[in-house]
$ cat coords.txt   # compact mmCIF, C-alpha atoms and all ligand atoms
# COMPACT_ATOMS: atom_id res chain seq x y z
CA MET A 622 1.99 -23.12 14.66
CA ARG A 623 0.32 -22.26 11.39
CA TYR A 624 2.41 -22.05 8.22
CA LEU A 625 2.74 -18.51 6.96
CA GLY A 626 4.23 -18.02 3.52
CA LYS A 627 6.28 -15.03 2.54
CA ARG A 628 4.51 -11.83 3.53
CA VAL A 629 5.30 -8.83 1.37
CA VAL A 630 3.78 -5.39 1.90
CA ILE A 631 3.87 -3.05 -1.08
CA THR A 632 3.22 0.67 -0.76
CA GLY A 633 3.56 3.90 -2.68
CA VAL A 634 1.72 7.20 -3.01
CA PRO A 635 -1.58 7.14 -4.95
CA GLY A 636 -0.94 6.97 -8.69
CA VAL A 637 2.60 5.58 -8.53
CA GLY A 638 1.43 2.33 -10.12
CA LYS A 639 1.60 -0.22 -7.29
CA THR A 640 -1.27 -2.29 -8.61
CA THR A 641 0.22 -2.39 -12.12
CA VAL A 642 3.59 -3.51 -10.76
CA ILE A 643 1.93 -6.20 -8.63
CA ASN A 644 -0.14 -7.59 -11.50
CA GLY A 645 2.90 -7.75 -13.79
CA THR A 646 4.96 -9.45 -11.10
CA ILE A 647 2.35 -12.05 -10.21
CA GLU A 648 2.03 -12.96 -13.88
CA ALA A 649 5.81 -13.19 -14.39
CA LEU A 650 6.30 -15.36 -11.29
CA GLY A 651 3.29 -17.51 -12.13
CA ASN A 652 5.09 -18.53 -15.34
CA GLU A 653 7.90 -19.86 -13.13
CA GLY A 654 5.52 -21.69 -10.80
CA VAL A 655 5.97 -19.23 -7.92
CA VAL A 656 2.53 -18.42 -6.56
CA TYR A 657 1.58 -15.23 -4.72
CA THR A 658 -1.88 -13.94 -3.87
CA SER A 659 -2.42 -10.22 -4.10
CA ILE A 660 -4.49 -8.68 -1.33
CA ASN A 661 -5.73 -5.12 -1.36
CA PHE A 662 -5.85 -3.62 2.14
CA GLY A 663 -8.10 -0.77 0.97
CA THR A 664 -10.63 -3.28 -0.40
CA PHE A 665 -10.72 -5.09 2.97
CA MET A 666 -11.31 -1.75 4.67
CA PHE A 667 -13.92 -0.70 2.11
CA ASP A 668 -15.89 -3.95 2.54
CA ILE A 669 -16.06 -3.30 6.30
CA ALA A 670 -16.76 0.44 6.04
CA SER A 671 -19.43 0.11 3.36
CA ARG A 672 -21.18 -2.74 5.22
CA GLU A 673 -21.40 -0.37 8.20
CA GLY A 674 -22.85 2.33 5.93
CA LEU A 675 -19.88 4.65 6.57
CA VAL A 676 -18.92 5.21 2.91
CA THR A 677 -20.10 4.50 -0.61
CA ASP A 678 -16.74 5.07 -2.35
CA ARG A 679 -13.24 3.86 -1.35
CA ASP A 680 -11.84 7.36 -1.72
CA GLU A 681 -14.14 8.60 1.08
CA MET A 682 -12.41 6.50 3.74
CA ARG A 683 -9.43 8.79 4.28
CA LYS A 684 -11.86 11.58 5.21
CA LEU A 685 -13.50 9.58 8.03
CA ASP A 686 -12.76 10.36 11.68
CA GLN A 687 -9.33 9.20 12.75
CA ASP A 688 -10.80 6.82 15.34
CA VAL A 689 -13.05 5.23 12.73
CA GLN A 690 -10.19 4.82 10.24
CA ARG A 691 -8.07 3.17 12.91
CA ARG A 692 -10.83 0.79 13.96
CA VAL A 693 -11.56 -0.28 10.36
CA GLN A 694 -7.81 -0.54 9.69
CA ARG A 695 -7.38 -2.91 12.62
CA LEU A 696 -10.29 -5.10 11.50
CA ALA A 697 -8.86 -5.28 7.97
CA ALA A 698 -5.43 -6.28 9.34
CA GLN A 699 -7.01 -9.03 11.44
CA GLY A 700 -8.82 -10.37 8.38
CA ILE A 701 -5.69 -10.35 6.22
CA ALA A 702 -3.65 -12.03 8.99
CA ARG A 703 -5.78 -15.15 8.60
CA ILE A 704 -4.76 -15.66 4.96
CA GLU A 705 -2.12 -18.35 4.46
CA GLY A 706 0.53 -18.79 1.76
CA ASN A 707 2.64 -16.21 -0.04
CA ILE A 708 0.88 -12.87 -0.05
CA ILE A 709 1.47 -9.39 -1.41
CA VAL A 710 -0.49 -6.78 0.51
CA ASP A 711 -1.22 -3.69 -1.61
CA THR A 712 -1.52 -0.78 0.83
CA HIS A 713 -0.16 2.61 1.87
CA CYS A 714 2.89 3.56 3.92
CA THR A 715 0.94 6.61 5.06
CA VAL A 716 -2.48 7.93 4.10
CA ARG A 717 -2.91 11.66 3.60
CA THR A 718 -5.92 12.65 5.76
CA PRO A 719 -7.30 16.09 6.65
CA ALA A 720 -5.70 15.64 10.10
CA GLY A 721 -2.25 14.79 8.70
CA PHE A 722 -0.47 11.62 7.62
CA LEU A 723 -2.00 8.45 9.08
CA ALA A 724 0.42 5.53 9.42
CA GLY A 725 -0.71 2.63 7.24
CA LEU A 726 1.03 0.11 9.49
CA PRO A 727 1.00 1.26 13.11
CA GLU A 728 2.45 -1.35 15.46
CA TRP A 729 -0.83 -3.24 15.97
CA VAL A 730 -1.13 -3.66 12.18
CA LEU A 731 2.50 -4.80 11.89
CA ARG A 732 1.88 -7.34 14.64
CA GLU A 733 -1.00 -8.81 12.62
CA LEU A 734 0.65 -8.76 9.19
CA LYS A 735 4.18 -9.81 10.25
CA PRO A 736 5.79 -8.55 7.04
CA ASP A 737 9.07 -10.07 5.82
CA ILE A 738 9.65 -7.42 3.18
CA PHE A 739 8.35 -3.90 2.91
CA VAL A 740 8.40 -2.39 -0.60
CA LEU A 741 8.18 1.30 -1.44
CA VAL A 742 7.33 2.00 -5.08
CA GLU A 743 8.48 5.46 -6.10
CA THR A 744 9.00 7.68 -9.09
CA ASP A 745 9.47 11.37 -9.91
CA GLU A 746 6.67 13.55 -8.59
CA ASP A 747 5.92 15.08 -12.01
CA GLN A 748 5.27 11.60 -13.41
CA ILE A 749 2.91 10.82 -10.51
CA LEU A 750 1.07 14.10 -11.07
CA ASN A 751 0.51 13.22 -14.75
CA ARG A 752 -0.65 9.71 -13.92
CA ARG A 753 -3.18 11.05 -11.41
CA LEU A 754 -4.54 13.55 -13.91
CA SER A 755 -5.09 10.85 -16.52
CA ASP A 756 -6.80 8.35 -14.14
CA GLU A 757 -10.51 9.14 -14.13
CA SER A 758 -11.49 5.97 -12.27
CA ARG A 759 -10.47 7.46 -8.91
CA VAL A 760 -11.20 10.55 -6.86
CA ARG A 761 -7.62 11.69 -6.30
CA ASP A 762 -6.77 14.56 -3.98
CA ARG A 763 -5.73 17.66 -5.84
CA GLU A 764 -2.08 17.99 -4.98
CA GLY A 765 0.97 19.66 -6.51
CA TYR A 766 4.36 18.09 -7.06
CA VAL A 767 5.78 19.59 -3.87
CA GLY A 768 3.05 17.85 -1.85
CA ILE A 769 3.77 14.57 -3.63
CA ARG A 770 7.52 14.93 -2.99
CA ASP A 771 6.92 15.59 0.71
CA HIS A 772 4.63 12.58 0.91
CA GLN A 773 7.24 10.30 -0.68
CA GLN A 774 9.93 11.64 1.68
CA PHE A 775 7.72 11.13 4.70
CA ASN A 776 6.98 7.57 3.56
CA ARG A 777 10.70 6.71 3.49
CA SER A 778 11.09 7.99 7.04
CA ILE A 779 8.19 6.00 8.34
CA ALA A 780 9.31 2.86 6.46
CA ALA A 781 12.46 2.95 8.57
CA SER A 782 10.37 2.75 11.71
CA TYR A 783 8.46 -0.24 10.28
CA ALA A 784 11.79 -2.00 9.75
CA MET A 785 12.79 -1.27 13.34
CA LEU A 786 9.49 -2.48 14.79
CA SER A 787 9.04 -5.64 12.72
CA GLY A 788 12.50 -6.68 11.49
CA CYS A 789 11.34 -6.50 7.85
CA THR A 790 13.68 -5.38 5.09
CA VAL A 791 12.84 -2.26 3.10
CA LYS A 792 13.15 -2.40 -0.68
CA ILE A 793 12.75 0.71 -2.83
CA ILE A 794 11.56 0.08 -6.38
CA LEU A 795 11.55 2.74 -9.10
CA ASN A 796 8.51 2.65 -11.40
CA ALA A 797 9.56 5.24 -13.98
CA ASP A 798 7.61 6.16 -17.12
CA PHE A 799 8.18 3.63 -19.96
CA LEU A 800 10.18 1.37 -17.61
CA LEU A 801 7.47 -0.76 -16.02
CA ASP A 802 9.39 -3.89 -17.10
CA ASN A 803 12.32 -2.86 -14.90
CA ALA A 804 10.04 -2.35 -11.91
CA VAL A 805 8.44 -5.77 -12.47
CA ALA A 806 11.87 -7.44 -12.78
CA ASP A 807 13.05 -5.78 -9.53
CA MET A 808 9.86 -6.81 -7.75
CA ALA A 809 10.14 -10.41 -9.02
CA ASP A 810 13.70 -10.56 -7.62
CA VAL A 811 12.33 -9.59 -4.22
CA LEU A 812 9.66 -12.27 -4.28
CA ARG A 813 11.31 -15.37 -5.72
P1 LIG B 901 -6.15 2.24 -2.44
O1 LIG B 901 -7.16 1.67 -3.36
O2 LIG B 901 -4.94 1.39 -2.26
O3 LIG B 901 -5.79 3.66 -2.78
O4 LIG B 901 -6.84 2.29 -0.98
C1 LIG B 901 -8.07 2.96 -0.81
C2 LIG B 901 -8.16 3.58 0.56
O5 LIG B 901 -8.04 2.57 1.56
C3 LIG B 901 -7.08 4.59 0.90
O6 LIG B 901 -7.33 5.86 0.35
C4 LIG B 901 -7.17 4.60 2.42
O7 LIG B 901 -8.26 5.40 2.85
C5 LIG B 901 -7.48 3.15 2.75
N1 LIG B 901 -6.30 2.38 3.15
C6 LIG B 901 -5.60 1.48 2.41
N2 LIG B 901 -4.60 0.93 3.12
C7 LIG B 901 -4.66 1.50 4.37
C8 LIG B 901 -3.93 1.34 5.58
N3 LIG B 901 -2.90 0.47 5.69
N4 LIG B 901 -4.27 2.08 6.65
C9 LIG B 901 -5.31 2.94 6.58
N5 LIG B 901 -6.04 3.14 5.48
C10 LIG B 901 -5.74 2.42 4.37
MG MG B 902 -4.03 0.65 -6.33
$ encode --input "coords.txt" --output "structure tokens"
Amino acid sequence: MRYLGKRVVITGVPGVGKTTVINGTIEALGNEGVVYTSINFGTFMFDIASREGLVTDRDEMRKLDQDVQRRVQRLAAQGIARIEGNIIVDTHCTVRTPAGFLAGLPEWVLRELKPDIFVLVETDEDQILNRRLSDESRVRDREGYVGIRDHQQFNRSIAASYAMLSGCTVKIILNADFLLDNAVADMADVLR
């Protein structure tokens, strides 16, 4: 049996600041000698999808056919499953696609990743809206605060099913404006 470290999956709607929270946490824990590797699920998918000539931008993937998204998702999960040690997987609880919400961790993905802890990063929808509008590096869907609220609510529901299927715990972390330090401290408590 291969040694697997602690496997943490971190999710949140686009623009909530997952990547920022992860980077802050990895740095804080590194100072204490606790080592985690951050893995971006979307980057694994993008490497596969762009090699196949399916997309040229990571924000095009959620518009692909459902079957294609699922196939690439499975391949990414299989690749990530081979990584040993403590890992934080930066991904999505659900992805908003033209055909509706796509589960980020259907049971075949959960079986590969074997998460110990599932983290939902959240904040108020108006803060997320502002963050999306000021991030020009990404092609964000145009969405109002009601849509963002519904997405966050749906993510909580589906996180409960992930806990039931995999036995992981679910931790909700608030990443409010001007309070990134609190989010990082909460996240570090989860990981150490
Ligand atoms: P991100 O950079 O985290 O926003 O991820 C970029 C894209 O990767 C997302 O918009 C999705 O199309 C895709 N993606 C990331 N994680 C998953 C997942 N678990 N299941 C399906 N698609 C995903
Ligand atoms: Mg990100």
$ closest_atom_pairs --input "coords.txt" --of "stretch 777-812 of chain A" --to "stretch 722-743 of chain A" --cutoff "7 Å" --atoms "only C-alpha atoms" --output "CSV"
residue,atom,partner,partner_atom,distance
A:Ser787,CA,A:Leu731,CA,6.6
A:Cys789,CA,A:Asp737,CA,4.7
A:Thr790,CA,A:Ile738,CA,4.9
A:Val791,CA,A:Phe739,CA,4.8
A:Lys792,CA,A:Val740,CA,4.8
A:Ile793,CA,A:Leu741,CA,4.8
A:Ile794,CA,A:Val742,CA,4.8
A:Leu795,CA,A:Glu743,CA,5.1
A:Asn796,CA,A:Glu743,CA,6.0
$ residues_near_ligand --input "coords.txt" --ligand "ligand MG 902 (chain B)" --cutoff "9 Å" --atoms "only C-alpha atoms and all ligand atoms" --output "PDB file with C-alpha atoms, keeping the file's coordinate frame"
ATOM      1  CA  PRO A 635      -1.580   7.140  -4.950  1.00  0.00           C
ATOM      2  CA  GLY A 636      -0.940   6.970  -8.690  1.00  0.00           C
ATOM      3  CA  VAL A 637       2.600   5.580  -8.530  1.00  0.00           C
ATOM      4  CA  GLY A 638       1.430   2.330 -10.120  1.00  0.00           C
ATOM      5  CA  LYS A 639       1.600  -0.220  -7.290  1.00  0.00           C
ATOM      6  CA  THR A 640      -1.270  -2.290  -8.610  1.00  0.00           C
ATOM      7  CA  THR A 641       0.220  -2.390 -12.120  1.00  0.00           C
ATOM      8  CA  ASN A 661      -5.730  -5.120  -1.360  1.00  0.00           C
ATOM      9  CA  GLY A 663      -8.100  -0.770   0.970  1.00  0.00           C
ATOM     10  CA  ASP A 711      -1.220  -3.690  -1.610  1.00  0.00           C
ATOM     11  CA  THR A 712      -1.520  -0.780   0.830  1.00  0.00           C
TER      12      THR A 712
END
$ residues_around --input "coords.txt" --residues "A:Arg759" --least-positions-apart "3" --cutoff "9 Å" --atoms "only C-alpha atoms" --output "ChimeraX atom specification"
/A:679-680,753,756
$ closest_residue --input "coords.txt" --among "A:Gln699, A:Arg692, A:Ala797, A:Tyr783" --to "A:Ile749" --atoms "only C-alpha atoms"
A:Ala797
$ atom_distance --input "coords.txt" --atom1 "atom CA of A:Glu681" --atom2 "atom CA of A:Cys714"
18.0 Å
$ closest_residue --input "coords.txt" --among "A:Asp771, A:Glu653, A:Glu746, A:Asp762" --to "ligand LIG 901 (chain B)" --atoms "all atoms listed in the file"
A:Asp762
$ closest_residue --input "coords.txt" --among "A:Leu786, A:Ile669, A:Val656, A:Leu650" --to "ligand LIG 901 (chain B)" --atoms "all atoms listed in the file"
A:Ile669
$ axis_aligned_box --input "coords.txt" --around "stretch 667-677 of chain A" --padding-each-side "3 Å" --output "JSON"
{"center_x": -18.4, "center_y": 0.6, "center_z": 3.8, "size_x": 14.9, "size_y": 15.2, "size_z": 14.8}
$ atom_distance --input "coords.txt" --atom1 "atom C10 of ligand LIG 901 (chain B)" --atom2 "atom CA of A:Gln694"
6.4 Å
$ closest_residue --input "coords.txt" --among "A:Ala697, A:Val642, A:Ala780, A:Ile769" --to "A:Leu800" --atoms "all atoms listed in the file"
A:Val642
$ closest_residue --input "coords.txt" --among "A:Asp688, A:Glu673, A:Glu648, A:Asp745" --to "ligand LIG 901 (chain B)" --atoms "all atoms listed in the file"
A:Asp688
$ closest_residue --input "coords.txt" --among "A:Arg717, A:Arg628, A:Arg683, A:Arg777" --to "ligand LIG 901 (chain B)" --atoms "all atoms listed in the file"
A:Arg683
$ atom_distance --input "coords.txt" --atom1 "atom CA of A:Pro719" --atom2 "atom CA of A:Ile631"
23.5 Å
$ residues_around --input "coords.txt" --residues "A:Tyr657" --least-positions-apart "6" --cutoff "8 Å" --atoms "all atoms listed in the file" --output "PyMOL selection string"
chain A and resi 647+651+706-709
$ decode --input "coords.txt" --residues "stretch 698-720 of chain A" --atoms "N, CA and C atoms" --output "PDB file, in the first residue's frame"
ATOM      1  N   ALA A 698      -8.311  13.523 -12.758  1.00  0.00           N
ATOM      2  CA  ALA A 698      -8.379  12.896 -11.427  1.00  0.00           C
ATOM      3  C   ALA A 698      -7.396  11.736 -11.324  1.00  0.00           C
ATOM      4  N   GLN A 699      -7.287  10.965 -12.398  1.00  0.00           N
ATOM      5  CA  GLN A 699      -6.359   9.820 -12.376  1.00  0.00           C
ATOM      6  C   GLN A 699      -4.912  10.304 -12.264  1.00  0.00           C
ATOM      7  N   GLY A 700      -4.609  11.407 -12.936  1.00  0.00           N
ATOM      8  CA  GLY A 700      -3.259  11.971 -12.859  1.00  0.00           C
ATOM      9  C   GLY A 700      -2.949  12.476 -11.454  1.00  0.00           C
ATOM     10  N   ILE A 701      -3.895  13.174 -10.852  1.00  0.00           N
ATOM     11  CA  ILE A 701      -3.685  13.752  -9.521  1.00  0.00           C
ATOM     12  C   ILE A 701      -3.582  12.637  -8.474  1.00  0.00           C
ATOM     13  N   ALA A 702      -4.317  11.550  -8.687  1.00  0.00           N
ATOM     14  CA  ALA A 702      -4.314  10.443  -7.711  1.00  0.00           C
ATOM     15  C   ALA A 702      -2.925   9.848  -7.543  1.00  0.00           C
ATOM     16  N   ARG A 703      -2.075   9.996  -8.548  1.00  0.00           N
ATOM     17  CA  ARG A 703      -0.734   9.407  -8.471  1.00  0.00           C
ATOM     18  C   ARG A 703       0.236  10.244  -7.641  1.00  0.00           C
ATOM     19  N   ILE A 704      -0.156  11.447  -7.265  1.00  0.00           N
ATOM     20  CA  ILE A 704       0.751  12.339  -6.531  1.00  0.00           C
ATOM     21  C   ILE A 704       0.742  11.955  -5.048  1.00  0.00           C
ATOM     22  N   GLU A 705       1.937  11.816  -4.479  1.00  0.00           N
ATOM     23  CA  GLU A 705       2.034  11.413  -3.077  1.00  0.00           C
ATOM     24  C   GLU A 705       2.285  12.617  -2.183  1.00  0.00           C
ATOM     25  N   GLY A 706       2.149  12.410  -0.864  1.00  0.00           N
ATOM     26  CA  GLY A 706       2.403  13.481   0.099  1.00  0.00           C
ATOM     27  C   GLY A 706       1.140  14.277   0.387  1.00  0.00           C
ATOM     28  N   ASN A 707       1.314  15.333   1.176  1.00  0.00           N
ATOM     29  CA  ASN A 707       0.178  16.190   1.523  1.00  0.00           C
ATOM     30  C   ASN A 707      -0.176  17.068   0.339  1.00  0.00           C
ATOM     31  N   ILE A 708      -1.423  17.003  -0.095  1.00  0.00           N
ATOM     32  CA  ILE A 708      -1.799  17.835  -1.243  1.00  0.00           C
ATOM     33  C   ILE A 708      -3.068  18.647  -0.966  1.00  0.00           C
ATOM     34  N   ILE A 709      -3.088  19.818  -1.581  1.00  0.00           N
ATOM     35  CA  ILE A 709      -4.305  20.644  -1.617  1.00  0.00           C
ATOM     36  C   ILE A 709      -4.727  20.708  -3.074  1.00  0.00           C
ATOM     37  N   VAL A 710      -5.907  20.226  -3.369  1.00  0.00           N
ATOM     38  CA  VAL A 710      -6.394  20.256  -4.749  1.00  0.00           C
ATOM     39  C   VAL A 710      -7.354  21.432  -4.902  1.00  0.00           C
ATOM     40  N   ASP A 711      -6.952  22.376  -5.737  1.00  0.00           N
ATOM     41  CA  ASP A 711      -7.720  23.602  -6.007  1.00  0.00           C
ATOM     42  C   ASP A 711      -8.699  23.282  -7.143  1.00  0.00           C
ATOM     43  N   THR A 712      -9.997  23.222  -6.821  1.00  0.00           N
ATOM     44  CA  THR A 712     -10.962  22.829  -7.856  1.00  0.00           C
ATOM     45  C   THR A 712     -12.332  23.453  -7.595  1.00  0.00           C
ATOM     46  N   HIS A 713     -13.360  22.867  -8.176  1.00  0.00           N
ATOM     47  CA  HIS A 713     -14.701  23.443  -8.048  1.00  0.00           C
ATOM     48  C   HIS A 713     -15.685  22.410  -7.525  1.00  0.00           C
ATOM     49  N   CYS A 714     -16.539  22.833  -6.605  1.00  0.00           N
ATOM     50  CA  CYS A 714     -17.585  21.955  -6.081  1.00  0.00           C
ATOM     51  C   CYS A 714     -18.541  21.616  -7.216  1.00  0.00           C
ATOM     52  N   THR A 715     -18.972  22.658  -7.931  1.00  0.00           N
ATOM     53  CA  THR A 715     -19.717  22.459  -9.176  1.00  0.00           C
ATOM     54  C   THR A 715     -19.247  23.509 -10.176  1.00  0.00           C
ATOM     55  N   VAL A 716     -19.343  23.158 -11.447  1.00  0.00           N
ATOM     56  CA  VAL A 716     -18.972  24.065 -12.529  1.00  0.00           C
ATOM     57  C   VAL A 716     -20.258  24.488 -13.228  1.00  0.00           C
ATOM     58  N   ARG A 717     -20.422  25.795 -13.407  1.00  0.00           N
ATOM     59  CA  ARG A 717     -21.617  26.271 -14.112  1.00  0.00           C
ATOM     60  C   ARG A 717     -21.407  26.098 -15.619  1.00  0.00           C
ATOM     61  N   THR A 718     -22.166  25.193 -16.239  1.00  0.00           N
ATOM     62  CA  THR A 718     -22.051  24.949 -17.683  1.00  0.00           C
ATOM     63  C   THR A 718     -23.367  25.353 -18.342  1.00  0.00           C
ATOM     64  N   PRO A 719     -23.371  25.487 -19.669  1.00  0.00           N
ATOM     65  CA  PRO A 719     -24.629  25.839 -20.350  1.00  0.00           C
ATOM     66  C   PRO A 719     -25.733  24.806 -20.076  1.00  0.00           C
ATOM     67  N   ALA A 720     -25.357  23.561 -19.766  1.00  0.00           N
ATOM     68  CA  ALA A 720     -26.352  22.515 -19.525  1.00  0.00           C
ATOM     69  C   ALA A 720     -26.711  22.370 -18.040  1.00  0.00           C
TER      70      ALA A 720
END
